[in-house]
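Trainee: Quick one: the structure is below, questions incoming.
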Amino acid sequence: MKRLLSSVICVGILLSPLSTQNVLANENESAIKSHVVDSGGQYEKRGYILEVINEVDDPAIDPIISEFVELYFDVYPKLVTKYAADPKTATQKVILKFDPAYDGVAYADAGAGMIVVSSKWILDRPWDLGLFTHELSHIVQAYPRYDDQTWWITEGIADYIRYEYGPHHEGWKFREPKETDNYNSGYGETARFLLWIEQNKNNKVIDILNQQMQQNTFHIHDFEEITG
């Protein structure tokens with residue numbers, strides 16, 4: 001972030017009673033799993049909405065969009081419950097745009113509730129679905145500041161959330177630390193630092209920092225109190 005179905009085909013098939021039961025069971029399982037209403041690019045499930053704007057003239061993007069939709073309804077409600085300043089008033093609609101003109105990776109505009117993903121990036125790396133979790137974190141964070149003093153902790157918490165909620169892939173993981181790394185390097189380096197604090201000093205560190213950032217009260221010296 002730093003610079004951040006629509007046709008139905010009916011076919012008559014002669015089925016045995018057992019195979020009929022299997023088919024119905026599979027259909028019911030699929031229906032229970034999804035319950036997603038698709039209205040021409042706008043998907044809805046249990047009050048949450050994802051509007052997809054696809055500007056890509058490449059059918060290879062279609063299965064990727066399907067995975068993004070599934071990930072949204074699996075992860076985003078959890079992030080709202082866990083990390084939103086007020087889950088009752090947090091936005092329940094996100095706009096997801098696949099942009100062939102954007103030459104970065106992805107970015108979020110929390111105020112507009114929009115996430116823009118580089119179509120080139122995701123077509124070249126279709127496994128990188130976790131970037132969506134990272135950007136959804138920014139929508140939920142909705143921190144009032146993003147500047148030279150705060151960007152690193154914003155991105156570090158978002159990568160921590162990506163690490164916690166996935167999806168996980170070998171192509172994205174916390175790399176081994178280097179001597180040049182610092183707690184305020186942002187992204188994975190800061191996320192790894194916060195994870196260490198959570199595991200060794202204070203398991204509420206993310207909750208504390210997230211709330212402070214939302215209230216614009218965070219100060220670097222707060223780490224003294226958080227870690228003891």
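Each chain of the structure tokens is named A, B, ... in the order shown, its residues numbered from 1; ligands are numbered from 1 in display order.
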Would you tabulate, counting only C-alpha atoms, all residues of range 134-212 of chain A that have an atom at most 12 Å from an atom of range 97-106 of chain A, showing the closest pair of atoms and their distance in Å to one decimal, sorted by chain then ascending number, as a tab-separated table?
Mentor:
residue	atom	partner	partner_atom	distance
A:His134	CA	A:Ala106	CA	9.4
A:Glu135	CA	A:Ala106	CA	7.5
A:Leu136	CA	A:Ala106	CA	10.8
A:His138	CA	A:Ala106	CA	11.4
Trainee: Using only C-alpha atoms, which residues sit within 9 Å of Asn54 in chain A once same-chain residues fewer than 2 positions away are excluded, as a short mmCIF file (atom, residue, chain, number, x, y, z; two decimals) with C-alpha atoms, in the first residue's frame?
Mentor:
data_model
loop_
_atom_site.label_atom_id
_atom_site.label_comp_id
_atom_site.auth_asym_id
_atom_site.auth_seq_id
_atom_site.Cartn_x
_atom_site.Cartn_y
_atom_site.Cartn_z
CA GLY A 41 -20.69 -8.45 -10.38
CA VAL A 52 -16.26 -6.48 -8.39
CA VAL A 56 -9.42 -7.12 -17.68
CA ASP A 57 -9.97 -8.62 -21.12
CA ILE A 61 -8.96 -13.59 -14.47
CA ILE A 65 -12.12 -13.44 -9.17
CA LEU A 96 -12.77 -4.66 -5.58
CA LYS A 97 -11.30 -3.41 -8.85
CA PHE A 98 -8.92 -5.30 -11.13
CA ASP A 99 -7.01 -2.62 -12.99
#
Trainee: If you count only C-alpha atoms, which residues fall within 9 Å of Ala85 in chain A, apart from same-chain ones fewer than 5 positions away, as number ranges by chain?
Mentor: A: 80, 90, 140-142, 210-211, 214-215
Trainee: Rounded to one decimal, what separation in Å do you get between CA of Gly111 in chain A and CA of Tyr160 in chain A?
Mentor: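 Distance reported for this atom pair: 21.9 Å.
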Trainee: Set the distance at 12 Å and use only C-alpha atoms: which residues neighbour Ile64 in chain A once local chain neighbours fewer than 6 positions away are removed? I'd like the list as a PyMOL selection string.
Mentor: chain A and resi 52+54+56+58+70-71+98+117+119+121-129+132
Trainee: Using only C-alpha atoms, can you tell me which of A:Thr190, A:Gly130, A:Tyr43, A:Lys173 comes closest to Thr154 in chain A?
Mentor: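 With only C-alpha atoms as the atom set, the closest residue is A:Thr190.
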Trainee: Rounded to one decimal, what separation in Å do you get between CA of Ala108 in chain A and CA of Lys78 in chain A?
Mentor: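 Separation of CA of Ala108 in chain A and CA of Lys78 in chain A: 18.1 Å.
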Trainee: Could you give me, as a VMD selection string, the residues within 10 Å of Val75 in chain A, counting only C-alpha atoms and dropping anything in the same chain fewer than 6 positions from it?
Mentor: chain A and resid 132 to 133 136 to 137 165 to 167
Trainee: Just the selected residues (N, CA and C atoms), exported as a short mmCIF file (atom, residue, chain, number, x, y, z; two decimals), in the first residue's frame, please.
Mentor:
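Contents of result.cif, freshly written:
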data_model
loop_
_atom_site.label_atom_id
_atom_site.label_comp_id
_atom_site.auth_asym_id
_atom_site.auth_seq_id
_atom_site.Cartn_x
_atom_site.Cartn_y
_atom_site.Cartn_z
N PHE A 132 -5.13 -9.79 -0.77
CA PHE A 132 -6.49 -9.30 -0.53
C PHE A 132 -6.77 -9.21 0.96
N THR A 133 -6.30 -10.20 1.74
CA THR A 133 -6.45 -10.14 3.19
C THR A 133 -5.73 -8.92 3.75
N LEU A 136 -7.81 -5.85 2.82
CA LEU A 136 -9.04 -5.83 3.62
C LEU A 136 -8.75 -5.37 5.05
N SER A 137 -7.56 -5.71 5.53
CA SER A 137 -7.16 -5.24 6.86
C SER A 137 -7.14 -3.72 6.91
N TYR A 165 -4.53 -14.95 9.08
CA TYR A 165 -5.77 -15.37 8.43
C TYR A 165 -5.57 -15.98 7.05
N GLY A 166 -4.36 -15.85 6.49
CA GLY A 166 -4.07 -16.46 5.22
C GLY A 166 -4.81 -15.81 4.05
N PRO A 167 -4.95 -16.58 2.95
CA PRO A 167 -4.46 -17.95 2.77
C PRO A 167 -2.94 -17.99 2.64
#
Trainee: Within 9 Å of Asn184 in chain A, counting only C-alpha atoms, which residues qualify if same-chain residues fewer than 6 places away don't, as a list in words?
Mentor: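 In the requested format, the answer is Trp151, Trp152, Ile153, Gly156 and Thr190 of chain A.
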Trainee: May I have the residues from that selection written out with N, CA, C and O atoms, as a PDB file, in the first residue's frame?
Mentor:
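File produced: selection_36.pdb:
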ATOM      1  N   TRP A 151       3.241   4.780   8.992  1.00  0.00           N
ATOM      2  CA  TRP A 151       3.006   3.814   7.909  1.00  0.00           C
ATOM      3  C   TRP A 151       3.507   2.429   8.259  1.00  0.00           C
ATOM      4  O   TRP A 151       2.876   1.422   7.923  1.00  0.00           O
ATOM      5  N   TRP A 152       4.664   2.352   8.941  1.00  0.00           N
ATOM      6  CA  TRP A 152       5.300   1.071   9.207  1.00  0.00           C
ATOM      7  C   TRP A 152       4.458   0.182  10.114  1.00  0.00           C
ATOM      8  O   TRP A 152       4.389  -1.038   9.913  1.00  0.00           O
ATOM      9  N   ILE A 153       3.792   0.793  11.101  1.00  0.00           N
ATOM     10  CA  ILE A 153       2.984  -0.019  12.003  1.00  0.00           C
ATOM     11  C   ILE A 153       1.655  -0.385  11.345  1.00  0.00           C
ATOM     12  O   ILE A 153       1.114  -1.483  11.561  1.00  0.00           O
ATOM     13  N   GLY A 156       2.692  -3.188   9.086  1.00  0.00           N
ATOM     14  CA  GLY A 156       3.102  -4.337   9.894  1.00  0.00           C
ATOM     15  C   GLY A 156       1.912  -5.091  10.463  1.00  0.00           C
ATOM     16  O   GLY A 156       1.872  -6.330  10.435  1.00  0.00           O
ATOM     17  N   THR A 190       8.126  -5.792  10.354  1.00  0.00           N
ATOM     18  CA  THR A 190       7.385  -5.322  11.524  1.00  0.00           C
ATOM     19  C   THR A 190       6.396  -6.380  12.000  1.00  0.00           C
ATOM     20  O   THR A 190       6.225  -6.577  13.216  1.00  0.00           O
TER      21      THR A 190
END
Trainee: Where does DSSP see strand (DSSP E or B) in range 104-193 of chain A, if you list the residues as a ChimeraX atom specification?
Mentor: /A:106-109,114-118,169,172
Trainee: If you measure from CA of Val205 in chain A to CA of Gly228 in chain A, what distance in Å do you get, rounded to one decimal?
Mentor: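 Atom-to-atom, CA of Val205 in chain A to CA of Gly228 in chain A, that is 11.6 Å.
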Trainee: Need to verify the contact set: Tyr183 in chain A, 12 Å, only C-alpha atoms, exclusion of same-chain residues closer than 4 positions in sequence. Can you return it as a list of chain:residue names?
Mentor: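 Residues meeting the cut-off are A:Trp152, A:Ile153, A:Glu155, A:Gly156, A:Ile157, A:Pro177, A:Lys178, A:Glu179, A:Tyr187, A:Gly188, A:Glu189, A:Thr190, A:Ala191, A:Arg192, A:Phe193, A:Leu194, A:Leu195, A:Trp196, A:Ile197, A:Ile220, A:Phe223.
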Trainee: Can you write just those residues out, C-alpha atoms, as a short mmCIF file (atom, residue, chain, number, x, y, z; two decimals), in the first residue's frame?
Mentor:
data_model
loop_
_atom_site.label_atom_id
_atom_site.label_comp_id
_atom_site.auth_asym_id
_atom_site.auth_seq_id
_atom_site.Cartn_x
_atom_site.Cartn_y
_atom_site.Cartn_z
CA TRP A 152 5.30 1.07 9.21
CA ILE A 153 2.98 -0.02 12.00
CA GLU A 155 1.59 -2.13 7.19
CA GLY A 156 3.10 -4.34 9.89
CA ILE A 157 -0.28 -5.00 11.50
CA PRO A 177 15.78 -11.73 9.52
CA LYS A 178 18.73 -9.72 8.25
CA GLU A 179 21.02 -7.45 10.24
CA TYR A 187 5.35 -5.07 6.28
CA GLY A 188 6.80 -8.53 7.06
CA GLU A 189 9.67 -7.26 9.19
CA THR A 190 7.38 -5.32 11.52
CA ALA A 191 4.80 -8.14 11.45
CA ARG A 192 7.45 -10.63 12.57
CA PHE A 193 8.50 -8.23 15.35
CA LEU A 194 4.88 -7.93 16.54
CA LEU A 195 4.43 -11.70 16.37
CA TRP A 196 7.51 -12.16 18.57
CA ILE A 197 6.10 -9.72 21.12
CA ILE A 220 6.58 4.63 20.19
CA PHE A 223 6.10 -0.40 23.59
#
Trainee: Restricting the calculation to only C-alpha atoms: of A:Leu50, A:Asp86, A:Asn216, A:Thr81, which residue gets closest to Gly113 in chain A?
Mentor: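 So, comparing all the options, the nearest one is A:Leu50.
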Trainee: As JSON, numbers by chain, please: every residue in range 39-228 of chain A that a backbone DSSP assignment puts in helix (DSSP H, G or I).
Mentor: {"A": [61, 62, 63, 64, 65, 66, 67, 68, 69, 70, 71, 72, 73, 74, 75, 76, 77, 78, 79, 80, 81, 82, 83, 119, 120, 121, 122, 123, 124, 130, 131, 132, 133, 134, 135, 136, 137, 138, 139, 140, 141, 151, 152, 153, 154, 155, 156, 157, 158, 159, 160, 161, 162, 163, 164, 165, 187, 188, 189, 190, 191, 192, 193, 194, 195, 196, 197, 198, 199, 200, 205, 206, 207, 208, 209, 210, 211, 212, 213, 214, 215, 222, 223, 224, 225, 226, 227]}
Trainee: Smallest atom-to-atom distance to Lys82 in chain A: which of A:Tyr107, A:Ile161, A:Ile226, A:Phe174, using only C-alpha atoms?
Mentor: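 Closest to Lys82 in chain A of all the choices is A:Ile161.
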